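Coordinates from input_29.pdb are shown below (PDB, C-alpha atoms, pLDDT in the B column).
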```
ATOM      1  CA  MET A   1     -39.450  18.248  16.271  1.00 58.00           C
ATOM      2  CA  HIS A   2     -36.877  18.787  19.035  1.00 60.00           C
ATOM      3  CA  THR A   3     -36.174  22.181  20.455  1.00 62.00           C
ATOM      4  CA  TRP A   4     -32.760  22.811  21.897  1.00 56.00           C
ATOM      5  CA  THR A   5     -33.339  23.716  25.503  1.00 60.00           C
ATOM      6  CA  PRO A   6     -30.498  24.485  27.925  1.00 59.00           C
ATOM      7  CA  THR A   7     -30.986  21.007  29.453  1.00 59.00           C
ATOM      8  CA  ARG A   8     -30.576  19.305  26.071  1.00 58.00           C
ATOM      9  CA  LEU A   9     -27.492  21.397  25.293  1.00 56.00           C
ATOM     10  CA  GLN A  10     -25.951  20.465  28.660  1.00 62.00           C
ATOM     11  CA  GLY A  11     -26.635  16.787  27.937  1.00 60.00           C
ATOM     12  CA  LEU A  12     -24.999  17.135  24.536  1.00 59.00           C
ATOM     13  CA  GLN A  13     -21.968  18.878  26.084  1.00 66.00           C
ATOM     14  CA  PHE A  14     -21.709  16.151  28.749  1.00 62.00           C
ATOM     15  CA  PHE A  15     -21.853  13.497  26.012  1.00 59.00           C
ATOM     16  CA  ARG A  16     -19.118  15.270  23.977  1.00 67.00           C
ATOM     17  CA  GLU A  17     -16.847  15.500  27.035  1.00 70.00           C
ATOM     18  CA  LYS A  18     -17.270  11.783  27.779  1.00 67.00           C
ATOM     19  CA  ILE A  19     -16.573  10.831  24.155  1.00 70.00           C
ATOM     20  CA  GLY A  20     -13.487  13.081  24.182  1.00 69.00           C
ATOM     21  CA  LEU A  21     -12.199  11.429  27.364  1.00 66.00           C
ATOM     22  CA  LEU A  22     -12.897   7.979  25.951  1.00 66.00           C
ATOM     23  CA  ALA A  23     -11.071   8.825  22.709  1.00 69.00           C
ATOM     24  CA  CYS A  24      -8.053  10.150  24.665  1.00 63.00           C
ATOM     25  CA  TRP A  25      -8.032   7.029  26.826  1.00 62.00           C
ATOM     26  CA  LEU A  26      -8.160   4.766  23.741  1.00 66.00           C
ATOM     27  CA  LEU A  27      -5.393   6.681  21.962  1.00 68.00           C
ATOM     28  CA  LEU A  28      -3.204   6.590  25.067  1.00 62.00           C
ATOM     29  CA  GLY A  29      -3.786   2.837  25.397  1.00 66.00           C
ATOM     30  CA  LEU A  30      -2.994   2.325  21.725  1.00 62.00           C
ATOM     31  CA  TRP A  31       0.196   4.373  22.017  1.00 59.00           C
ATOM     32  CA  TRP A  32       1.238   2.494  25.143  1.00 62.00           C
ATOM     33  CA  GLY A  33       0.599  -0.843  23.450  1.00 61.00           C
ATOM     34  CA  LEU A  34       2.494   0.080  20.303  1.00 57.00           C
ATOM     35  CA  SER A  35       5.408   1.650  22.124  1.00 52.00           C
ATOM     36  CA  SER A  36       5.954  -1.497  24.163  1.00 52.00           C
ATOM     37  CA  PHE A  37       5.656  -3.723  21.076  1.00 55.00           C
ATOM     38  CA  THR A  38       8.982  -4.990  19.831  1.00 60.00           C
ATOM     39  CA  THR A  39       9.320  -5.999  16.215  1.00 61.00           C
ATOM     40  CA  PRO A  40      10.890  -9.356  15.521  1.00 61.00           C
ATOM     41  CA  PRO A  41      14.318  -9.280  13.925  1.00 63.00           C
ATOM     42  CA  PRO A  42      14.238  -9.493  10.135  1.00 64.00           C
ATOM     43  CA  ALA A  43      14.600 -12.932   8.655  1.00 68.00           C
ATOM     44  CA  PRO A  44      18.170 -13.567   7.505  1.00 78.00           C
ATOM     45  CA  LYS A  45      18.871 -13.502   3.782  1.00 87.00           C
ATOM     46  CA  VAL A  46      19.488 -16.919   2.286  1.00 91.00           C
ATOM     47  CA  VAL A  47      21.151 -15.804  -0.942  1.00 94.00           C
ATOM     48  CA  GLU A  48      23.789 -13.354  -2.028  1.00 95.00           C
ATOM     49  CA  TRP A  49      23.418 -11.989  -5.535  1.00 96.00           C
ATOM     50  CA  MET A  50      26.660 -12.353  -7.473  1.00 96.00           C
ATOM     51  CA  THR A  51      25.374 -10.158 -10.305  1.00 95.00           C
ATOM     52  CA  GLU A  52      23.710  -6.759 -10.066  1.00 96.00           C
ATOM     53  CA  GLN A  53      19.999  -7.061  -9.325  1.00 96.00           C
ATOM     54  CA  HIS A  54      19.183  -4.389 -11.916  1.00 97.00           C
ATOM     55  CA  TYR A  55      20.120  -4.958 -15.556  1.00 97.00           C
ATOM     56  CA  ASP A  56      19.811  -2.502 -18.452  1.00 96.00           C
ATOM     57  CA  PHE A  57      19.583  -4.120 -21.903  1.00 96.00           C
ATOM     58  CA  GLY A  58      20.079  -0.717 -23.544  1.00 95.00           C
ATOM     59  CA  ASP A  59      18.679  -0.404 -27.084  1.00 94.00           C
ATOM     60  CA  ILE A  60      16.961  -3.522 -28.425  1.00 94.00           C
ATOM     61  CA  PRO A  61      15.722  -3.979 -32.006  1.00 94.00           C
ATOM     62  CA  ILE A  62      11.954  -4.483 -32.128  1.00 93.00           C
ATOM     63  CA  GLY A  63      10.929  -8.136 -32.504  1.00 90.00           C
ATOM     64  CA  ARG A  64      14.116  -9.495 -30.954  1.00 92.00           C
ATOM     65  CA  ALA A  65      14.231 -11.499 -27.715  1.00 93.00           C
ATOM     66  CA  VAL A  66      17.102 -10.739 -25.332  1.00 95.00           C
ATOM     67  CA  ILE A  67      18.470 -12.808 -22.447  1.00 96.00           C
ATOM     68  CA  HIS A  68      20.272 -11.979 -19.214  1.00 97.00           C
ATOM     69  CA  VAL A  69      21.450 -14.350 -16.478  1.00 97.00           C
ATOM     70  CA  PHE A  70      21.219 -13.322 -12.818  1.00 97.00           C
ATOM     71  CA  ARG A  71      23.464 -15.410 -10.556  1.00 97.00           C
ATOM     72  CA  PHE A  72      23.071 -16.062  -6.819  1.00 97.00           C
ATOM     73  CA  LYS A  73      24.822 -18.065  -4.103  1.00 97.00           C
ATOM     74  CA  ASN A  74      23.202 -19.928  -1.203  1.00 96.00           C
ATOM     75  CA  ILE A  75      24.750 -18.313   1.893  1.00 95.00           C
ATOM     76  CA  SER A  76      22.533 -20.101   4.427  1.00 93.00           C
ATOM     77  CA  PRO A  77      23.769 -23.159   6.345  1.00 94.00           C
ATOM     78  CA  ASP A  78      20.818 -25.148   4.957  1.00 93.00           C
ATOM     79  CA  THR A  79      19.720 -26.375   1.566  1.00 95.00           C
ATOM     80  CA  ILE A  80      17.276 -23.921  -0.010  1.00 94.00           C
ATOM     81  CA  LEU A  81      14.662 -24.192  -2.703  1.00 94.00           C
ATOM     82  CA  LEU A  82      13.735 -21.485  -5.146  1.00 93.00           C
ATOM     83  CA  GLN A  83       9.947 -21.754  -4.824  1.00 93.00           C
ATOM     84  CA  THR A  84       8.740 -19.498  -7.610  1.00 93.00           C
ATOM     85  CA  VAL A  85       9.536 -16.461  -9.715  1.00 95.00           C
ATOM     86  CA  ARG A  86       6.874 -13.925 -10.640  1.00 94.00           C
ATOM     87  CA  THR A  87       7.130 -11.419 -13.473  1.00 92.00           C
ATOM     88  CA  THR A  88       4.938  -8.398 -14.154  1.00 89.00           C
ATOM     89  CA  CYS A  89       3.929  -9.329 -17.701  1.00 87.00           C
ATOM     90  CA  GLY A  90       3.893 -12.113 -20.270  1.00 88.00           C
ATOM     91  CA  CYS A  91       6.727 -10.489 -22.220  1.00 91.00           C
ATOM     92  CA  THR A  92       9.201 -11.656 -19.563  1.00 93.00           C
ATOM     93  CA  ALA A  93       9.960 -15.349 -18.997  1.00 94.00           C
ATOM     94  CA  VAL A  94      12.304 -16.822 -16.386  1.00 95.00           C
ATOM     95  CA  ARG A  95      14.033 -20.192 -16.168  1.00 95.00           C
ATOM     96  CA  TYR A  96      15.360 -21.191 -12.753  1.00 94.00           C
ATOM     97  CA  PRO A  97      16.590 -24.283 -10.908  1.00 91.00           C
ATOM     98  CA  GLU A  98      13.792 -26.421  -9.489  1.00 91.00           C
ATOM     99  CA  THR A  99      16.113 -28.688  -7.525  1.00 94.00           C
ATOM    100  CA  PRO A 100      17.368 -27.949  -3.983  1.00 95.00           C
ATOM    101  CA  ILE A 101      20.421 -25.692  -3.789  1.00 95.00           C
ATOM    102  CA  ALA A 102      23.072 -26.835  -1.316  1.00 96.00           C
ATOM    103  CA  PRO A 103      24.861 -24.441   1.064  1.00 96.00           C
ATOM    104  CA  GLY A 104      27.535 -22.556  -0.864  1.00 96.00           C
ATOM    105  CA  ALA A 105      26.139 -23.639  -4.253  1.00 96.00           C
ATOM    106  CA  ILE A 106      25.435 -21.202  -7.068  1.00 96.00           C
ATOM    107  CA  GLY A 107      22.207 -20.885  -9.039  1.00 95.00           C
ATOM    108  CA  ASP A 108      21.210 -19.013 -12.174  1.00 95.00           C
ATOM    109  CA  LEU A 109      17.985 -17.293 -13.180  1.00 96.00           C
ATOM    110  CA  THR A 110      17.777 -16.842 -16.941  1.00 96.00           C
ATOM    111  CA  VAL A 111      15.496 -13.946 -17.873  1.00 96.00           C
ATOM    112  CA  GLU A 112      14.227 -13.591 -21.424  1.00 96.00           C
ATOM    113  CA  PHE A 113      12.490 -10.418 -22.567  1.00 95.00           C
ATOM    114  CA  ASP A 114      10.490 -10.518 -25.810  1.00 93.00           C
ATOM    115  CA  ALA A 115      10.797  -7.071 -27.411  1.00 89.00           C
ATOM    116  CA  ALA A 116       7.608  -7.331 -29.477  1.00 87.00           C
ATOM    117  CA  GLN A 117       6.498  -3.733 -28.845  1.00 88.00           C
ATOM    118  CA  GLY A 118       8.455  -0.506 -29.174  1.00 89.00           C
ATOM    119  CA  GLY A 119       9.175   1.903 -26.339  1.00 92.00           C
ATOM    120  CA  SER A 120      10.995   1.944 -23.048  1.00 93.00           C
ATOM    121  CA  PHE A 121      10.322  -0.675 -20.405  1.00 93.00           C
ATOM    122  CA  GLU A 122      11.199  -1.502 -16.804  1.00 94.00           C
ATOM    123  CA  LYS A 123      10.071  -4.857 -15.442  1.00 94.00           C
ATOM    124  CA  LYS A 124      10.139  -6.154 -11.879  1.00 96.00           C
ATOM    125  CA  ILE A 125      10.841  -9.810 -11.127  1.00 96.00           C
ATOM    126  CA  ARG A 126      10.051 -11.227  -7.678  1.00 96.00           C
ATOM    127  CA  VAL A 127      12.085 -14.251  -6.555  1.00 96.00           C
ATOM    128  CA  PHE A 128      10.746 -16.382  -3.671  1.00 95.00           C
ATOM    129  CA  PHE A 129      12.996 -18.723  -1.673  1.00 94.00           C
ATOM    130  CA  ASP A 130      11.588 -21.261   0.802  1.00 91.00           C
ATOM    131  CA  ARG A 131      13.596 -20.086   3.846  1.00 84.00           C
ATOM    132  CA  GLN A 132      12.992 -16.382   3.339  1.00 87.00           C
ATOM    133  CA  ARG A 133       9.672 -14.619   4.025  1.00 86.00           C
ATOM    134  CA  LYS A 134      10.021 -11.714   1.608  1.00 92.00           C
ATOM    135  CA  PRO A 135      10.972 -11.988  -2.052  1.00 94.00           C
ATOM    136  CA  ASP A 136      14.143 -10.643  -3.583  1.00 95.00           C
ATOM    137  CA  PHE A 137      13.592  -8.197  -6.435  1.00 96.00           C
ATOM    138  CA  LEU A 138      15.310  -8.145  -9.802  1.00 96.00           C
ATOM    139  CA  TRP A 139      14.797  -5.456 -12.434  1.00 96.00           C
ATOM    140  CA  ILE A 140      15.326  -5.342 -16.185  1.00 96.00           C
ATOM    141  CA  GLU A 141      14.987  -2.295 -18.370  1.00 95.00           C
ATOM    142  CA  GLY A 142      15.724  -1.072 -21.849  1.00 95.00           C
ATOM    143  CA  GLU A 143      14.492   0.723 -24.938  1.00 95.00           C
ATOM    144  CA  VAL A 144      12.879  -1.193 -27.804  1.00 94.00           C
ATOM    145  CA  ARG A 145      13.379   0.579 -31.160  1.00 89.00           C
TER     146      ARG A 145
END
```

Kindly return the structure encoded in the file as structure tokens.
Amino acid sequence: MHTWTPTRLQGLQFFREKIGLLACWLLLGLWWGLSSFTTPPPAPKVVEWMTEQHYDFGDIPIGRAVIHVFRFKNISPDTILLQTVRTTCGCTAVRYPETPIAPGAIGDLTVEFDAAQGGSFEKKIRVFFDRQRKPDFLWIEGEVR
């Protein structure tokens, strides 16, 4: 069993001071590195949504499927491809163009919500384009009665 003698306590204090200095040095280096880091400019958007990106179906009778069309325009100088669309549940299906979309052309995403269960809902739809790193988000909501 160790006894804490003045020599051991001094060694422990010396060790704590060195660790404290090392931690300060590391934090200063981290701050310096992060402060000199420049973030790249955000990737330009390739589409402009011609409809609102949030749609409220309002009241829907239970057991009825409802449809809404979201429309977008290719605003990039290049042809784009809608790579995929991801929904948050199986109650939401999306049809979208699988062919390249020319500059200035318009595309439609047809969203169908199957109101099989009662209650309110809000669903997120992520839309991925090939020339854009982050997805665009669409939302649908409503009340199934």

* Which polymer residues have any atom within 10 Å of an atom of Ala116 in chain A, counting all atoms listed in the file, with same-chain residues fewer than 3 positions away left out, as number ranges by chain? -> A: 61-65, 91, 113, 119, 144-145

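Restricting the calculation to all atoms listed in the file, the smallest distance between His68 in chain A and any of A:Ile125, A:Gly118, A:Val47, A:Leu109 is found for A:Leu109.
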
Could you put an axis-aligned box around every listed atom of range 114-123 of chain A, padded by 3 Å on each side, and send me its centre and edge lengths in Å to one decimal, as lines of an AutoDock Vina configuration file?
```
center_x = 8.8
center_y = -4.3
center_z = -22.5
size_x = 10.7
size_y = 18.5
size_z = 20.0
```

* Asked: Which distance in Å separates CA of Val66 in chain A and CA of Trp49 in chain A, to one decimal?
  ->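 According to the coordinates, CA of Val66 in chain A and CA of Trp49 in chain A are separated by 20.8 Å.
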
* To do: Do a neighbour search on Thr88 in chain A at 8 Å with only C-alpha atoms, toss out local chain neighbours closer than 4 positions, and write the hits as a ChimeraX atom specification.
  => /A:92,123-125

Non-local contacts of Thr87 in chain A (12 Å; all atoms listed in the file; under 6 positions in same chain excluded) as a compact mmCIF listing (two decimals) with C-alpha atoms, keeping the file's coordinate frame:
```
# COMPACT_ATOMS: atom_id res chain seq x y z
CA ALA A 93 9.96 -15.35 -19.00
CA VAL A 94 12.30 -16.82 -16.39
CA ARG A 95 14.03 -20.19 -16.17
CA VAL A 111 15.50 -13.95 -17.87
CA GLU A 112 14.23 -13.59 -21.42
CA PHE A 113 12.49 -10.42 -22.57
CA GLU A 122 11.20 -1.50 -16.80
CA LYS A 123 10.07 -4.86 -15.44
CA LYS A 124 10.14 -6.15 -11.88
CA ILE A 125 10.84 -9.81 -11.13
CA ARG A 126 10.05 -11.23 -7.68
CA VAL A 127 12.08 -14.25 -6.56
CA PHE A 128 10.75 -16.38 -3.67
CA PHE A 137 13.59 -8.20 -6.44
CA LEU A 138 15.31 -8.14 -9.80
CA TRP A 139 14.80 -5.46 -12.43
CA ILE A 140 15.33 -5.34 -16.18
```

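Of the residues listed (A:Glu17, A:Ser120, A:Phe57, A:Ala105), A:Ala105 shows the shortest atom-to-atom separation from Pro77 in chain A; distances use only C-alpha atoms.
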
* **Nearest residue to Val46 in chain A from the set A:Asp78, A:Asp108, A:Glu98, A:Asp114 (distances using all atoms listed in the file)** =>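 For Val46 in chain A, the nearest of the given residues is A:Asp78.
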
* **All residues 6 Å or closer to Phe72 in chain A, all atoms listed in the file, same chain fewer than 3 positions away omitted, as number ranges by chain** => A: 48-50, 106-107

* To do: Could you state which residues are captured by the PyMOL selection byres ((chain A and resi 45) around 10) in this file, as an MDAnalysis selection string?
  => chainID A and resid 42:44 46:48 74:76 129 131:136

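When all atoms listed in the file are used to measure the gap to Thr110 in chain A, the shortest distance among A:Asp130, A:Cys89, A:Ile67, A:Gln53 belongs to A:Ile67.
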
* To do: Go ahead and compute the interatomic distance for CA of Gly90 in chain A and CA of Glu143 in chain A, in Å to one decimal.
  => 17.3 Å

* What separation in Å, quoted to one decimal, exists between CA of Gln83 in chain A and CA of Thr51 in chain A? ->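 Atom-to-atom, CA of Gln83 in chain A and CA of Thr51 in chain A are spaced 20.1 Å apart.
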
* Using all atoms listed in the file, which of A:Ala102, A:Ala115, A:Phe121, A:Ile19 sits nearest Lys73 in chain A? ->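 Of A:Ala102, A:Ala115, A:Phe121, A:Ile19, the one nearest Lys73 in chain A is A:Ala102, counting all atoms listed in the file.
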
* Which residue, A:Pro97, A:Gly58, A:Gly104, A:Gly142, has the smallest gap to Thr84 in chain A when you use only C-alpha atoms? -> A:Pro97

All heavy atoms restored at range 104-115 of chain A, emitted as a PDB file, keeping the file's coordinate frame:
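Output saved as part-v9.pdb:
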```
ATOM      1  N   GLY A 104      26.357 -22.932  -0.094  1.00 96.00           N
ATOM      2  CA  GLY A 104      27.535 -22.556  -0.864  1.00 96.00           C
ATOM      3  C   GLY A 104      27.400 -22.740  -2.371  1.00 96.00           C
ATOM      4  O   GLY A 104      28.257 -22.310  -3.129  1.00 96.00           O
ATOM      5  N   ALA A 105      26.324 -23.393  -2.820  1.00 96.00           N
ATOM      6  CA  ALA A 105      26.139 -23.639  -4.253  1.00 96.00           C
ATOM      7  C   ALA A 105      25.628 -22.373  -4.949  1.00 96.00           C
ATOM      8  O   ALA A 105      25.067 -21.478  -4.334  1.00 96.00           O
ATOM      9  CB  ALA A 105      25.157 -24.787  -4.471  1.00 96.00           C
ATOM     10  N   ILE A 106      25.819 -22.350  -6.249  1.00 96.00           N
ATOM     11  CA  ILE A 106      25.435 -21.202  -7.068  1.00 96.00           C
ATOM     12  C   ILE A 106      24.280 -21.601  -7.978  1.00 96.00           C
ATOM     13  O   ILE A 106      24.232 -22.722  -8.491  1.00 96.00           O
ATOM     14  CB  ILE A 106      26.649 -20.726  -7.903  1.00 96.00           C
ATOM     15  CG1 ILE A 106      27.698 -20.157  -6.950  1.00 96.00           C
ATOM     16  CG2 ILE A 106      26.240 -19.699  -8.947  1.00 96.00           C
ATOM     17  CD1 ILE A 106      29.001 -19.798  -7.600  1.00 96.00           C
ATOM     18  N   GLY A 107      23.350 -20.667  -8.159  1.00 95.00           N
ATOM     19  CA  GLY A 107      22.207 -20.885  -9.039  1.00 95.00           C
ATOM     20  C   GLY A 107      22.060 -19.732 -10.019  1.00 95.00           C
ATOM     21  O   GLY A 107      22.504 -18.621  -9.746  1.00 95.00           O
ATOM     22  N   ASP A 108      21.432 -20.023 -11.141  1.00 95.00           N
ATOM     23  CA  ASP A 108      21.210 -19.013 -12.174  1.00 95.00           C
ATOM     24  C   ASP A 108      19.726 -18.854 -12.447  1.00 95.00           C
ATOM     25  O   ASP A 108      18.986 -19.843 -12.496  1.00 95.00           O
ATOM     26  CB  ASP A 108      21.876 -19.428 -13.494  1.00 95.00           C
ATOM     27  CG  ASP A 108      23.387 -19.368 -13.429  1.00 95.00           C
ATOM     28  OD1 ASP A 108      23.926 -18.637 -12.582  1.00 95.00           O
ATOM     29  OD2 ASP A 108      24.034 -20.058 -14.243  1.00 95.00           O
ATOM     30  N   LEU A 109      19.314 -17.607 -12.680  1.00 96.00           N
ATOM     31  CA  LEU A 109      17.985 -17.293 -13.180  1.00 96.00           C
ATOM     32  C   LEU A 109      18.184 -16.691 -14.569  1.00 96.00           C
ATOM     33  O   LEU A 109      18.842 -15.658 -14.705  1.00 96.00           O
ATOM     34  CB  LEU A 109      17.290 -16.242 -12.308  1.00 96.00           C
ATOM     35  CG  LEU A 109      16.490 -16.744 -11.126  1.00 96.00           C
ATOM     36  CD1 LEU A 109      17.394 -16.921  -9.947  1.00 96.00           C
ATOM     37  CD2 LEU A 109      15.409 -15.767 -10.836  1.00 96.00           C
ATOM     38  N   THR A 110      17.642 -17.332 -15.577  1.00 96.00           N
ATOM     39  CA  THR A 110      17.777 -16.842 -16.941  1.00 96.00           C
ATOM     40  C   THR A 110      16.500 -16.095 -17.301  1.00 96.00           C
ATOM     41  O   THR A 110      15.415 -16.681 -17.316  1.00 96.00           O
ATOM     42  CB  THR A 110      18.017 -18.007 -17.914  1.00 96.00           C
ATOM     43  OG1 THR A 110      19.175 -18.726 -17.481  1.00 96.00           O
ATOM     44  CG2 THR A 110      18.225 -17.512 -19.324  1.00 96.00           C
ATOM     45  N   VAL A 111      16.638 -14.795 -17.554  1.00 96.00           N
ATOM     46  CA  VAL A 111      15.496 -13.946 -17.873  1.00 96.00           C
ATOM     47  C   VAL A 111      15.499 -13.647 -19.363  1.00 96.00           C
ATOM     48  O   VAL A 111      16.516 -13.219 -19.915  1.00 96.00           O
ATOM     49  CB  VAL A 111      15.562 -12.622 -17.068  1.00 96.00           C
ATOM     50  CG1 VAL A 111      14.413 -11.705 -17.446  1.00 96.00           C
ATOM     51  CG2 VAL A 111      15.563 -12.915 -15.582  1.00 96.00           C
ATOM     52  N   GLU A 112      14.368 -13.890 -20.009  1.00 96.00           N
ATOM     53  CA  GLU A 112      14.227 -13.591 -21.424  1.00 96.00           C
ATOM     54  C   GLU A 112      13.118 -12.555 -21.599  1.00 96.00           C
ATOM     55  O   GLU A 112      11.999 -12.740 -21.122  1.00 96.00           O
ATOM     56  CB  GLU A 112      13.882 -14.853 -22.208  1.00 96.00           C
ATOM     57  CG  GLU A 112      13.754 -14.603 -23.695  1.00 96.00           C
ATOM     58  CD  GLU A 112      13.520 -15.880 -24.490  1.00 96.00           C
ATOM     59  OE1 GLU A 112      13.643 -16.981 -23.916  1.00 96.00           O
ATOM     60  OE2 GLU A 112      13.223 -15.772 -25.682  1.00 96.00           O
ATOM     61  N   PHE A 113      13.458 -11.475 -22.280  1.00 95.00           N
ATOM     62  CA  PHE A 113      12.490 -10.418 -22.567  1.00 95.00           C
ATOM     63  C   PHE A 113      12.196 -10.420 -24.054  1.00 95.00           C
ATOM     64  O   PHE A 113      13.104 -10.346 -24.880  1.00 95.00           O
ATOM     65  CB  PHE A 113      13.022  -9.043 -22.139  1.00 95.00           C
ATOM     66  CG  PHE A 113      12.088  -7.916 -22.486  1.00 95.00           C
ATOM     67  CD1 PHE A 113      10.949  -7.690 -21.738  1.00 95.00           C
ATOM     68  CD2 PHE A 113      12.341  -7.104 -23.580  1.00 95.00           C
ATOM     69  CE1 PHE A 113      10.074  -6.670 -22.058  1.00 95.00           C
ATOM     70  CE2 PHE A 113      11.477  -6.080 -23.919  1.00 95.00           C
ATOM     71  CZ  PHE A 113      10.340  -5.861 -23.160  1.00 95.00           C
ATOM     72  N   ASP A 114      10.919 -10.514 -24.420  1.00 93.00           N
ATOM     73  CA  ASP A 114      10.490 -10.518 -25.810  1.00 93.00           C
ATOM     74  C   ASP A 114      10.131  -9.088 -26.211  1.00 93.00           C
ATOM     75  O   ASP A 114       9.118  -8.550 -25.775  1.00 93.00           O
ATOM     76  CB  ASP A 114       9.278 -11.434 -25.977  1.00 93.00           C
ATOM     77  CG  ASP A 114       8.820 -11.533 -27.421  1.00 93.00           C
ATOM     78  OD1 ASP A 114       9.536 -11.050 -28.321  1.00 93.00           O
ATOM     79  OD2 ASP A 114       7.732 -12.095 -27.652  1.00 93.00           O
ATOM     80  N   ALA A 115      10.965  -8.471 -27.017  1.00 89.00           N
ATOM     81  CA  ALA A 115      10.797  -7.071 -27.411  1.00 89.00           C
ATOM     82  C   ALA A 115       9.843  -6.955 -28.592  1.00 89.00           C
ATOM     83  O   ALA A 115      10.210  -6.508 -29.674  1.00 89.00           O
ATOM     84  CB  ALA A 115      12.151  -6.458 -27.734  1.00 89.00           C
TER      85      ALA A 115
END
```
